[in-house]
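Asker: Below you'll find model15.cif; it's mmCIF, C-alpha atoms, pLDDT in the B column; chains and numbers go by the auth columns.
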```
data_data
#
loop_
_atom_site.group_PDB
_atom_site.id
_atom_site.type_symbol
_atom_site.label_atom_id
_atom_site.label_comp_id
_atom_site.label_asym_id
_atom_site.label_seq_id
_atom_site.Cartn_x
_atom_site.Cartn_y
_atom_site.Cartn_z
_atom_site.B_iso_or_equiv
_atom_site.auth_seq_id
_atom_site.auth_asym_id
ATOM 1 C CA MET A 1 0.000 0.000 0.000 49.00 1 A
ATOM 2 C CA LYS A 2 1.256 3.475 -0.865 68.00 2 A
ATOM 3 C CA ASN A 3 1.947 5.703 2.100 89.00 3 A
ATOM 4 C CA ILE A 4 1.752 9.473 1.527 92.00 4 A
ATOM 5 C CA GLU A 5 3.154 11.848 4.116 95.00 5 A
ATOM 6 C CA GLU A 6 1.494 15.203 3.406 95.00 6 A
ATOM 7 C CA ILE A 7 3.800 18.213 3.792 98.00 7 A
ATOM 8 C CA GLU A 8 1.591 21.073 2.651 98.00 8 A
ATOM 9 C CA LYS A 9 -1.750 21.710 0.980 96.00 9 A
ATOM 10 C CA MET A 10 -2.461 25.067 -0.662 97.00 10 A
ATOM 11 C CA VAL A 11 -5.153 26.736 -2.737 96.00 11 A
ATOM 12 C CA LEU A 12 -4.633 26.450 -6.500 97.00 12 A
ATOM 13 C CA ALA A 13 -4.600 30.033 -7.787 97.00 13 A
ATOM 14 C CA GLY A 14 -7.163 30.817 -10.457 96.00 14 A
ATOM 15 C CA THR A 15 -9.655 28.172 -9.290 95.00 15 A
ATOM 16 C CA LYS A 16 -12.600 28.198 -6.903 93.00 16 A
ATOM 17 C CA ASN A 17 -11.878 24.870 -5.206 94.00 17 A
ATOM 18 C CA GLY A 18 -8.576 23.606 -6.569 96.00 18 A
ATOM 19 C CA VAL A 19 -5.676 22.514 -4.376 96.00 19 A
ATOM 20 C CA ILE A 20 -2.002 21.686 -4.691 97.00 20 A
ATOM 21 C CA CYS A 21 -0.718 18.995 -2.333 96.00 21 A
ATOM 22 C CA VAL A 22 2.991 18.435 -1.737 98.00 22 A
ATOM 23 C CA GLY A 23 4.225 15.384 0.101 98.00 23 A
ATOM 24 C CA VAL A 24 6.491 12.377 0.269 98.00 24 A
ATOM 25 C CA LEU A 25 5.293 9.111 -1.223 97.00 25 A
ATOM 26 C CA HIS A 26 6.918 6.115 0.454 96.00 26 A
ATOM 27 C CA GLU A 27 7.458 2.906 -1.557 95.00 27 A
ATOM 28 C CA PRO A 28 5.702 4.310 -4.649 94.00 28 A
ATOM 29 C CA TYR A 29 6.596 1.422 -6.931 93.00 29 A
ATOM 30 C CA GLY A 30 6.385 -1.459 -4.487 92.00 30 A
ATOM 31 C CA ALA A 31 8.162 -2.733 -1.409 93.00 31 A
ATOM 32 C CA LYS A 32 11.581 -1.211 -0.790 94.00 32 A
ATOM 33 C CA SER A 33 11.350 1.251 -3.711 95.00 33 A
ATOM 34 C CA ALA A 34 12.812 4.670 -2.906 96.00 34 A
ATOM 35 C CA SER A 35 10.543 7.414 -1.610 97.00 35 A
ATOM 36 C CA VAL A 36 9.764 10.319 -3.961 98.00 36 A
ATOM 37 C CA ALA A 37 8.472 13.841 -3.537 98.00 37 A
ATOM 38 C CA THR A 38 4.977 14.104 -4.939 98.00 38 A
ATOM 39 C CA VAL A 39 3.038 17.108 -6.185 98.00 39 A
ATOM 40 C CA ALA A 40 -0.648 16.547 -6.853 96.00 40 A
ATOM 41 C CA ILE A 41 -3.060 19.091 -8.325 97.00 41 A
ATOM 42 C CA SER A 42 -6.819 18.739 -8.051 97.00 42 A
ATOM 43 C CA LEU A 43 -9.323 21.126 -9.591 96.00 43 A
ATOM 44 C CA GLN A 44 -11.831 20.111 -6.888 92.00 44 A
ATOM 45 C CA LYS A 45 -10.539 19.922 -3.317 85.00 45 A
ATOM 46 C CA ASP A 46 -12.507 16.773 -2.431 83.00 46 A
ATOM 47 C CA ALA A 47 -11.615 14.832 -5.578 82.00 47 A
ATOM 48 C CA SER A 48 -10.791 11.180 -4.923 85.00 48 A
ATOM 49 C CA GLU A 49 -7.884 11.311 -7.400 89.00 49 A
ATOM 50 C CA PRO A 50 -5.804 14.325 -8.479 94.00 50 A
ATOM 51 C CA ASP A 51 -6.130 15.671 -12.009 97.00 51 A
ATOM 52 C CA TRP A 52 -2.334 15.834 -12.323 97.00 52 A
ATOM 53 C CA LYS A 53 0.525 14.442 -10.305 96.00 53 A
ATOM 54 C CA VAL A 54 4.275 14.204 -10.570 98.00 54 A
ATOM 55 C CA HIS A 55 6.775 12.094 -8.655 98.00 55 A
ATOM 56 C CA ILE A 56 10.249 13.563 -8.233 99.00 56 A
ATOM 57 C CA PRO A 57 13.155 11.363 -7.081 98.00 57 A
ATOM 58 C CA LEU A 58 15.365 12.805 -4.337 97.00 58 A
ATOM 59 C CA GLU A 59 18.258 13.199 -6.777 98.00 59 A
ATOM 60 C CA ASN A 60 16.183 15.531 -8.991 99.00 60 A
ATOM 61 C CA ILE A 61 14.550 17.802 -6.393 98.00 61 A
ATOM 62 C CA ASP A 62 17.231 20.526 -6.417 98.00 62 A
ATOM 63 C CA GLY A 63 17.264 20.649 -10.226 99.00 63 A
ATOM 64 C CA VAL A 64 13.476 20.900 -10.402 98.00 64 A
ATOM 65 C CA ILE A 65 13.453 23.707 -7.808 98.00 65 A
ATOM 66 C CA GLU A 66 16.127 25.573 -9.783 99.00 66 A
ATOM 67 C CA ALA A 67 14.167 25.193 -13.029 99.00 67 A
ATOM 68 C CA LEU A 68 10.966 26.410 -11.338 98.00 68 A
ATOM 69 C CA GLN A 69 12.799 29.461 -9.988 98.00 69 A
ATOM 70 C CA LYS A 70 14.003 30.241 -13.528 99.00 70 A
ATOM 71 C CA ALA A 71 10.452 29.861 -14.838 98.00 71 A
ATOM 72 C CA LYS A 72 9.170 32.176 -12.093 98.00 72 A
ATOM 73 C CA ALA A 73 11.750 34.822 -13.058 98.00 73 A
ATOM 74 C CA LEU A 74 10.391 34.799 -16.617 98.00 74 A
ATOM 75 C CA MET A 75 6.782 35.381 -15.537 97.00 75 A
#
```
So that I can check it, write out the structure of this file as structure tokens.

Answerer:
Amino acid sequence: MKNIEEIEKMVLAGTKNGVICVGVLHEPYGAKSASVATVAISLQKDASEPDWKVHIPLENIDGVIEALQKAKALM
């Protein structure tokens, strides 16, 4: 069974009920698989499944943060 440790939930800007959830997903691909950071976006806050989700391995977190900061600077 997948075990999600929720870190933060925030309102999805530009929506009435959307949310962004950030957490750590333990054993995402079966027993003893490495934990990943997970970002899930739901357009409805009580949706049973997110509309979009991404799993980011530990080794890629810093690179993804850096790329997001670059994207933010261009906005």

Asker: Report as a list of chain:residue names the residues that result from applying the PyMOL selection byres ((chain A and resi 50-56) around 7) to the structure here.

Answerer: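 Selection result, ordered by chain and number: A:Val36, A:Ala37, A:Thr38, A:Val39, A:Ala40, A:Ile41, A:Ser42, A:Leu43, A:Ala47, A:Ser48, A:Glu49, A:Pro57, A:Leu58, A:Asn60, A:Ile61.
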
Asker: Could you tell me how far CA of Ile7 (chain A) sits from CA of Ser35 (chain A), in Å to one decimal place?

Answerer: 13.8 Å

Asker: Counting only C-alpha atoms, I want the residues whose atoms come within 10 Å of (3.3, 23.8, 3.6) in the file frame, returned as a ChimeraX atom specification.

Answerer: /A:6-10,21-23

Asker: May I have the protein, DNA and RNA residues with any atom at most 8 Å from the point (-2.7, 24.8, -8.9), counting only C-alpha atoms, written as a list in words?

Answerer: Val11, Leu12, Ala13, Gly14, Thr15, Gly18, Val19, Ile20, Ile41, Ser42 and Leu43 of chain A

Asker: Can you measure CA of Leu25 (chain A) to CA of Gln69 (chain A) for me? One decimal in Å is fine.

Answerer: 23.4 Å

Asker: Here's the selection I'm unsure about, the PyMOL selection byres ((chain A and resi 4) around 6); applied to the file above, which residues does it give, as a list in words?

Answerer: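 For this structure, the PyMOL selection byres ((chain A and resi 4) around 6) captures Asn3, Glu5, Val24 and Leu25 of chain A.
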
Asker: Rounded to one decimal in Å, what is the spacing between CA of Glu59 (chain A) and CA of Ala34 (chain A)?

Answerer: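 For CA of Glu59 (chain A) relative to CA of Ala34 (chain A), the distance reads 10.8 Å.
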
Asker: Need the axis-aligned box for region 38-44 of chain A with 5 Å each side, so what are the centre and edges in Å to one decimal, as lines of an AutoDock Vina configuration file?

Answerer:
```
center_x = -3.4
center_y = 17.6
center_z = -7.3
size_x = 26.8
size_y = 17.0
size_z = 14.7
```
